[in-house]
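The data block below is final.txt; it holds compact mmCIF, C-alpha atoms.
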# COMPACT_ATOMS: atom_id res chain seq x y z
CA MET A 1 114.74 140.02 114.05
CA GLY A 2 117.54 139.82 111.54
CA THR A 3 119.89 137.42 113.35
CA ASN A 4 119.70 134.04 115.03
CA TYR A 5 120.51 135.70 118.33
CA SER A 6 117.61 138.12 118.04
CA ILE A 7 115.24 135.27 117.22
CA THR A 8 116.47 133.27 120.20
CA ALA A 9 116.22 136.28 122.50
CA GLN A 10 112.51 136.62 121.75
CA PHE A 11 111.85 133.32 123.50
CA GLY A 12 112.71 134.09 127.10
CA LYS A 13 111.33 135.73 130.20
CA ALA A 14 109.53 138.48 128.26
CA LEU A 15 107.61 135.90 126.24
CA ALA A 16 106.71 134.00 129.43
CA ILE A 17 105.30 137.23 130.88
CA LEU A 18 103.35 137.94 127.70
CA LEU A 19 101.84 134.45 127.65
CA ALA A 20 101.07 134.50 131.38
CA ASP A 21 99.27 137.84 131.08
CA LYS A 22 97.16 136.61 128.16
CA ILE A 23 96.31 133.32 129.86
CA ALA A 24 95.43 134.97 133.17
CA THR A 25 92.74 137.09 131.50
CA ILE A 26 90.88 133.87 130.65
CA ALA A 27 92.09 131.61 133.48
CA PRO A 28 92.87 133.66 136.61
CA GLN A 29 93.89 130.46 138.40
CA PHE A 30 96.97 130.14 136.18
CA PRO A 31 100.07 130.55 138.41
CA SER A 32 101.60 133.34 136.36
CA GLU A 33 104.43 134.32 138.70
CA ARG A 34 105.56 130.75 139.23
CA PHE A 35 105.41 130.03 135.49
CA VAL A 36 107.46 133.13 134.61
CA ARG A 37 110.00 132.43 137.33
CA ASP A 38 110.37 128.82 136.22
CA VAL A 39 110.85 129.77 132.56
CA ALA A 40 113.32 132.54 133.39
CA GLY A 41 115.38 130.19 135.53
CA SER A 42 115.50 127.43 132.93
CA ILE A 43 115.91 129.28 129.63
CA ILE A 44 119.51 130.48 129.93
CA GLU A 45 121.95 129.00 127.38
CA LYS A 46 119.12 127.28 125.51
CA THR A 47 118.83 127.46 121.71
CA TYR A 48 115.74 128.81 119.96
CA THR A 49 114.18 125.38 119.44
CA GLN A 50 115.01 124.32 122.98
CA ARG A 51 113.38 127.47 124.33
CA VAL A 52 110.16 126.93 122.40
CA ALA A 53 109.97 123.36 123.70
CA LEU A 54 110.82 124.41 127.26
CA ILE A 55 108.09 127.06 127.37
CA ALA A 56 105.60 124.50 126.04
CA ASP A 57 106.68 122.08 128.75
CA LYS A 58 106.26 124.73 131.42
CA LEU A 59 102.78 125.56 130.13
CA HIS A 60 101.89 121.89 130.47
CA GLU A 61 103.47 121.65 133.91
CA HIS A 62 101.86 124.74 135.41
CA PHE A 63 98.42 124.84 133.81
CA PRO A 64 95.85 123.36 136.20
CA GLY A 65 93.53 120.80 134.67
CA THR A 66 93.52 118.61 131.58
CA TYR A 67 95.00 119.07 128.11
CA GLN A 68 91.52 119.82 126.82
CA THR A 69 90.98 122.54 129.43
CA ALA A 70 94.33 124.15 128.74
CA LEU A 71 93.82 124.05 124.98
CA THR A 72 90.42 125.72 125.26
CA VAL A 73 92.06 128.61 127.10
CA PHE A 74 94.97 128.82 124.68
CA MET A 75 92.63 129.01 121.70
CA LYS A 76 90.87 131.97 123.31
CA ILE A 77 94.04 134.03 123.55
CA LEU A 78 95.12 133.65 119.92
CA GLY A 79 93.42 136.82 118.71
CA PRO A 80 92.19 137.50 115.17
CA PRO A 81 93.66 135.62 112.19
CA ASN A 82 96.70 137.08 110.46
CA PRO A 83 95.60 138.74 107.20
CA ASN A 84 99.17 138.88 105.85
CA GLU A 85 101.54 136.45 104.17
CA THR A 86 104.01 136.59 107.01
CA GLY A 87 106.07 133.90 108.67
CA MET A 88 106.36 132.63 112.19
CA PHE A 89 108.80 135.23 113.57
CA THR A 90 106.66 138.32 113.05
CA HIS A 91 103.72 139.63 115.09
CA TYR A 92 102.46 136.20 116.16
CA TYR A 93 105.79 134.65 117.16
CA TRP A 94 104.52 134.22 120.72
CA ILE A 95 102.13 131.48 119.55
CA LEU A 96 104.97 129.08 118.71
CA PRO A 97 105.08 127.53 122.22
CA ILE A 98 101.33 126.88 121.99
CA GLY A 99 101.90 125.00 118.74
CA LYS A 100 104.64 123.02 120.45
CA PHE A 101 102.27 122.28 123.33
CA VAL A 102 99.78 120.76 120.88
CA GLU A 103 102.58 118.86 119.11
CA LYS A 104 103.89 117.30 122.33
CA TYR A 105 100.81 116.75 124.46
CA GLY A 106 97.76 116.40 122.22
CA LEU A 107 98.32 113.16 120.30
CA ASP A 108 95.60 111.31 122.20
CA HIS A 109 93.06 113.98 121.19
CA PHE A 110 93.27 113.84 117.41
CA GLN A 111 90.33 115.93 116.20
CA LEU A 112 90.58 118.51 118.97
CA SER A 113 94.27 118.97 118.27
CA MET A 114 93.92 119.12 114.49
CA ASP A 115 91.28 121.81 114.87
CA ALA A 116 93.67 123.70 117.14
CA ILE A 117 96.50 123.34 114.62
CA ALA A 118 94.27 124.87 111.96
CA GLU A 119 93.57 127.88 114.20
CA ILE A 120 97.23 128.23 115.15
CA THR A 121 98.35 128.24 111.52
CA ARG A 122 95.94 131.05 110.67
CA ARG A 123 98.07 133.27 112.91
CA ASN A 124 101.51 131.65 113.09
CA THR A 125 102.19 128.15 111.73
CA GLY A 126 101.05 124.60 112.42
CA GLU A 127 103.61 122.95 110.15
CA TYR A 128 105.60 121.48 113.06
CA ALA A 129 102.69 120.57 115.31
CA VAL A 130 100.89 118.55 112.63
CA ARG A 131 103.74 116.17 111.82
CA PRO A 132 103.37 113.73 114.78
CA TYR A 133 99.68 113.47 113.92
CA ILE A 134 100.51 112.58 110.31
CA ARG A 135 102.87 109.86 111.55
CA LYS A 136 100.38 108.38 114.02
CA TYR A 137 97.16 108.87 112.04
CA PRO A 138 98.23 109.08 108.36
CA GLU A 139 94.86 108.37 106.73
CA ALA A 140 92.80 110.52 109.08
CA SER A 141 95.35 113.33 108.82
CA LEU A 142 95.36 113.21 105.02
CA ALA A 143 91.56 113.49 104.97
CA ILE A 144 91.78 116.74 106.96
CA ILE A 145 94.78 118.02 105.01
CA ARG A 146 92.88 117.58 101.74
CA ARG A 147 90.18 119.81 103.16
CA TRP A 148 92.81 122.37 104.12
CA ALA A 149 94.17 122.26 100.58
CA SER A 150 90.78 123.29 99.19
CA SER A 151 90.16 125.96 101.85
CA GLY A 152 89.51 129.58 101.01
CA ASP A 153 92.07 130.48 103.69
CA PHE A 154 95.56 130.67 102.20
CA HIS A 155 97.13 129.89 105.59
CA LEU A 156 95.40 126.50 105.60
CA ARG A 157 96.33 125.83 101.98
CA ARG A 158 99.96 126.57 102.81
CA LEU A 159 99.77 124.26 105.83
CA ALA A 160 98.49 121.45 103.59
CA SER A 161 101.79 121.65 101.73
CA GLU A 162 104.19 122.69 104.47
CA GLY A 163 103.03 120.13 107.03
CA LEU A 164 103.61 117.23 104.63
CA ARG A 165 107.12 118.28 103.55
CA PRO A 166 109.52 115.36 104.05
CA LYS A 167 112.48 117.61 104.96
CA LEU A 168 110.99 120.60 106.74
CA PRO A 169 113.72 122.76 108.35
CA TRP A 170 113.92 122.62 112.18
CA ALA A 171 111.76 119.49 112.21
CA PRO A 172 112.39 115.73 112.23
CA LYS A 173 112.14 114.19 108.78
CA LEU A 174 108.70 112.94 107.75
CA ASP A 175 109.43 109.71 105.91
CA THR A 176 105.93 108.22 106.12
CA PHE A 177 105.33 108.61 102.38
CA ASN A 178 108.89 108.57 101.01
CA HIS A 179 108.47 105.37 99.01
CA HIS A 180 104.78 105.88 98.22
CA PRO A 181 104.35 109.64 97.68
CA GLN A 182 101.11 109.52 95.70
CA PRO A 183 98.86 110.63 98.62
CA VAL A 184 101.08 113.67 99.13
CA PHE A 185 101.29 114.40 95.42
CA GLU A 186 97.48 114.40 95.29
CA VAL A 187 97.52 117.23 97.84
CA LEU A 188 100.13 119.13 95.82
CA GLU A 189 97.99 118.68 92.71
CA MET A 190 95.27 120.62 94.51
CA LEU A 191 97.71 123.47 95.10
CA LYS A 192 99.69 123.62 91.86
CA GLU A 193 97.65 126.53 90.44
CA ASP A 194 97.38 128.54 93.65
CA ASN A 195 97.76 132.28 93.03
CA VAL A 196 99.05 133.19 96.51
CA THR A 197 102.82 133.53 96.72
CA PHE A 198 102.89 132.27 100.32
CA VAL A 199 101.36 128.99 99.13
CA LYS A 200 103.35 128.75 95.91
CA LYS A 201 106.65 129.10 97.77
CA SER A 202 105.67 126.23 100.04
CA VAL A 203 104.71 123.99 97.14
CA ALA A 204 107.99 124.79 95.37
CA ASN A 205 110.03 124.09 98.49
CA HIS A 206 108.04 120.90 98.99
CA LEU A 207 108.90 119.72 95.48
CA THR A 208 112.57 120.50 96.15
CA ASP A 209 112.37 118.22 99.19
CA TRP A 210 110.95 115.41 97.07
CA LEU A 211 113.70 115.78 94.50
CA LYS A 212 116.06 114.87 97.35
CA VAL A 213 114.12 111.99 98.93
CA ASN A 214 112.46 110.39 95.87
CA ASN A 215 113.94 111.98 92.79
CA GLY A 216 112.31 109.67 90.29
CA ALA A 217 108.76 110.25 91.49
CA ALA A 218 109.32 114.00 91.92
CA THR A 219 110.87 114.39 88.47
CA ALA A 220 107.95 112.55 86.88
CA LEU A 221 105.49 114.81 88.65
CA ILE A 222 107.33 117.98 87.62
CA ARG A 223 107.52 116.86 84.00
CA GLN A 224 103.79 116.20 84.09
CA TRP A 225 103.16 119.69 85.49
CA ALA A 226 105.48 121.23 82.91
CA ALA A 227 102.85 120.56 80.24
CA SER A 228 100.55 123.07 81.97
CA THR A 229 100.25 126.60 80.66
CA ASN A 230 99.13 127.90 84.03
CA PRO A 231 101.51 130.71 85.07
CA HIS A 232 101.36 129.77 88.77
CA THR A 233 102.29 126.16 88.04
CA GLN A 234 105.18 127.34 85.88
CA TRP A 235 106.34 129.69 88.66
CA ILE A 236 106.34 126.79 91.13
CA ILE A 237 108.33 124.55 88.77
CA LYS A 238 110.90 127.25 88.04
CA ARG A 239 111.46 127.93 91.73
CA ALA A 240 111.58 124.25 92.69
CA THR A 241 114.16 123.42 90.02
CA ARG A 242 116.23 126.61 90.03
CA LYS A 243 119.32 124.88 91.43
CA ILE A 244 119.11 121.62 89.49
CA THR A 245 118.82 120.19 85.98
CA LEU A 246 116.08 117.66 85.40
For the file at hand, write its structure as structure tokens.
Amino acid sequence: MGTNYSITAQFGKALAILLADKIATIAPQFPSERFVRDVAGSIIEKTYTQRVALIADKLHEHFPGTYQTALTVFMKILGPPNPNETGMFTHYYWILPIGKFVEKYGLDHFQLSMDAIAEITRRNTGEYAVRPYIRKYPEASLAIIRRWASSGDFHLRRLASEGLRPKLPWAPKLDTFNHHPQPVFEVLEMLKEDNVTFVKKSVANHLTDWLKVNNGAATALIRQWAASTNPHTQWIIKRATRKITL
């Protein structure tokens, strides 16, 4: 999937068939043919992000029963966690519409949805789905995110950073903490010595975001970290500041 076109093309009729087949093994009542036909007829000329959202909408429209019932089924089709440091367009790309489903339709079910986001990110990514929850429930979300940051699962540690980024690509800006970033910086403090590249890249990119939205606070944090002799912290700083001069 080396081009934007090839990424976009993954999210069409073939993905609807794949999802329908997986769902039908758990929920035979799911109207697979109608779902696939509806997606195929609506997806033409849509961008990648529009396609992900459309498939999520069609899952919501066609799945019989409540959000909770649908989510229970969707969690059962996820398969084993991803053992690799790979992004969202590899083997588990088909989970993206499920993440969008949680993002759009689960806000009234905070704990259930946050648990689902954690499972999604262990295979694909929950960095988009979690952001509306952070906006609506900032304190409760931060409590869970701090637990993710101390998890033994590097996918969850990465999510703790990536989900809180103020300028995450392909996502609306998260400005909840722009003027008071200390709660976010406390999470990054937990991750500054992480030895997993997947996590370190996220923390570095996160710091780069903060240099754009609150340069003074970010610069102070980086200068504080610069006193550390930890090689992982130094790697993060170097990557975060590679295009700027502090």
Residues within 8 Å of (94.2, 130.5, 106.9), counting all atoms listed in the file, listed as a list of chain:residue names
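Result, sorted by chain then residue number: A:Pro81, A:Asn82, A:Ala118, A:Glu119, A:Thr121, A:Arg122, A:Arg123, A:Ser151, A:Gly152, A:Asp153, A:Phe154, A:His155, A:Leu156, A:Arg157.
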Excluding A:Phe74 and any residue of its chain fewer than 2 positions from it, enumerate the residues within 10 Å of it, using all atoms listed in the file, and give them as a PyMOL selection string.
chain A and resi 19+22-23+26-27+68-72+76-78+95+98-99+101+116+120
Straight-line distance linking atom CA of A:Pro138 with atom CA of A:Leu168, stated in Å to one decimal:
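Atom CA of A:Leu168 lies at a distance of 17.3 Å from atom CA of A:Pro138.
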Calculate how many Å separate atom CA of A:Ser150 from atom CA of A:Asn195, rounding to one decimal.
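Atom CA of A:Ser150 sits 12.9 Å away from atom CA of A:Asn195.
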Cut-off 10 Å: closest stretch 93-188 of chain A/stretch 38-62 of chain A atom pairs per residue, using only C-alpha atoms, as a tab-separated table:
residue	atom	partner	partner_atom	distance
A:Trp94	CA	A:Val52	CA	9.4
A:Ile95	CA	A:Val52	CA	9.7
A:Leu96	CA	A:Val52	CA	6.7
A:Pro97	CA	A:Ala56	CA	4.9
A:Ile98	CA	A:Ala56	CA	6.3
A:Gly99	CA	A:Ala56	CA	8.2
A:Lys100	CA	A:Ala56	CA	5.9
A:Phe101	CA	A:Ala56	CA	4.8
A:Val102	CA	A:Ala56	CA	8.6
A:Glu103	CA	A:Ala56	CA	9.4
A:Lys104	CA	A:Ala56	CA	8.3
A:Tyr105	CA	A:His60	CA	8.0
A:Trp170	CA	A:Thr49	CA	7.8
A:Ala171	CA	A:Thr49	CA	9.6
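Taking atom CA of A:Thr86 and atom CA of A:Trp235 as endpoints, the distance between them is 19.7 Å.
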Quick one: 5 Å padding each side, axis-aligned, all listed atoms of stretch 121-135 of chain A - centre and edge lengths in Å to one decimal, as lines of an AutoDock Vina configuration file?
center_x = 100.8
center_y = 121.6
center_z = 112.7
size_x = 19.7
size_y = 33.4
size_z = 15.2
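Comparing A:Arg223, A:Arg147, A:Lys201, A:Arg135 by their smallest distance to A:Thr176, the closest is A:Arg135 (using all atoms listed in the file).
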Report as a tab-separated table the residues of stretch 69-94 of chain A within 12 Å of stretch 3-18 of chain A, each with its shortest atom pair and distance in Å (one decimal), using all atoms listed in the file, ordered by chain and increasing residue number.
residue	atom	partner	partner_atom	distance
A:Ile77	CA	A:Leu18	CA	10.9
A:Met88	CA	A:Ile7	CA	10.5
A:Phe89	CA	A:Ile7	CA	7.4
A:Thr90	CA	A:Ile7	CA	10.0
A:His91	CA	A:Gln10	CA	11.4
A:Tyr92	CA	A:Leu15	CA	11.3
A:Tyr93	CA	A:Gln10	CA	8.4
A:Trp94	CA	A:Leu15	CA	6.5
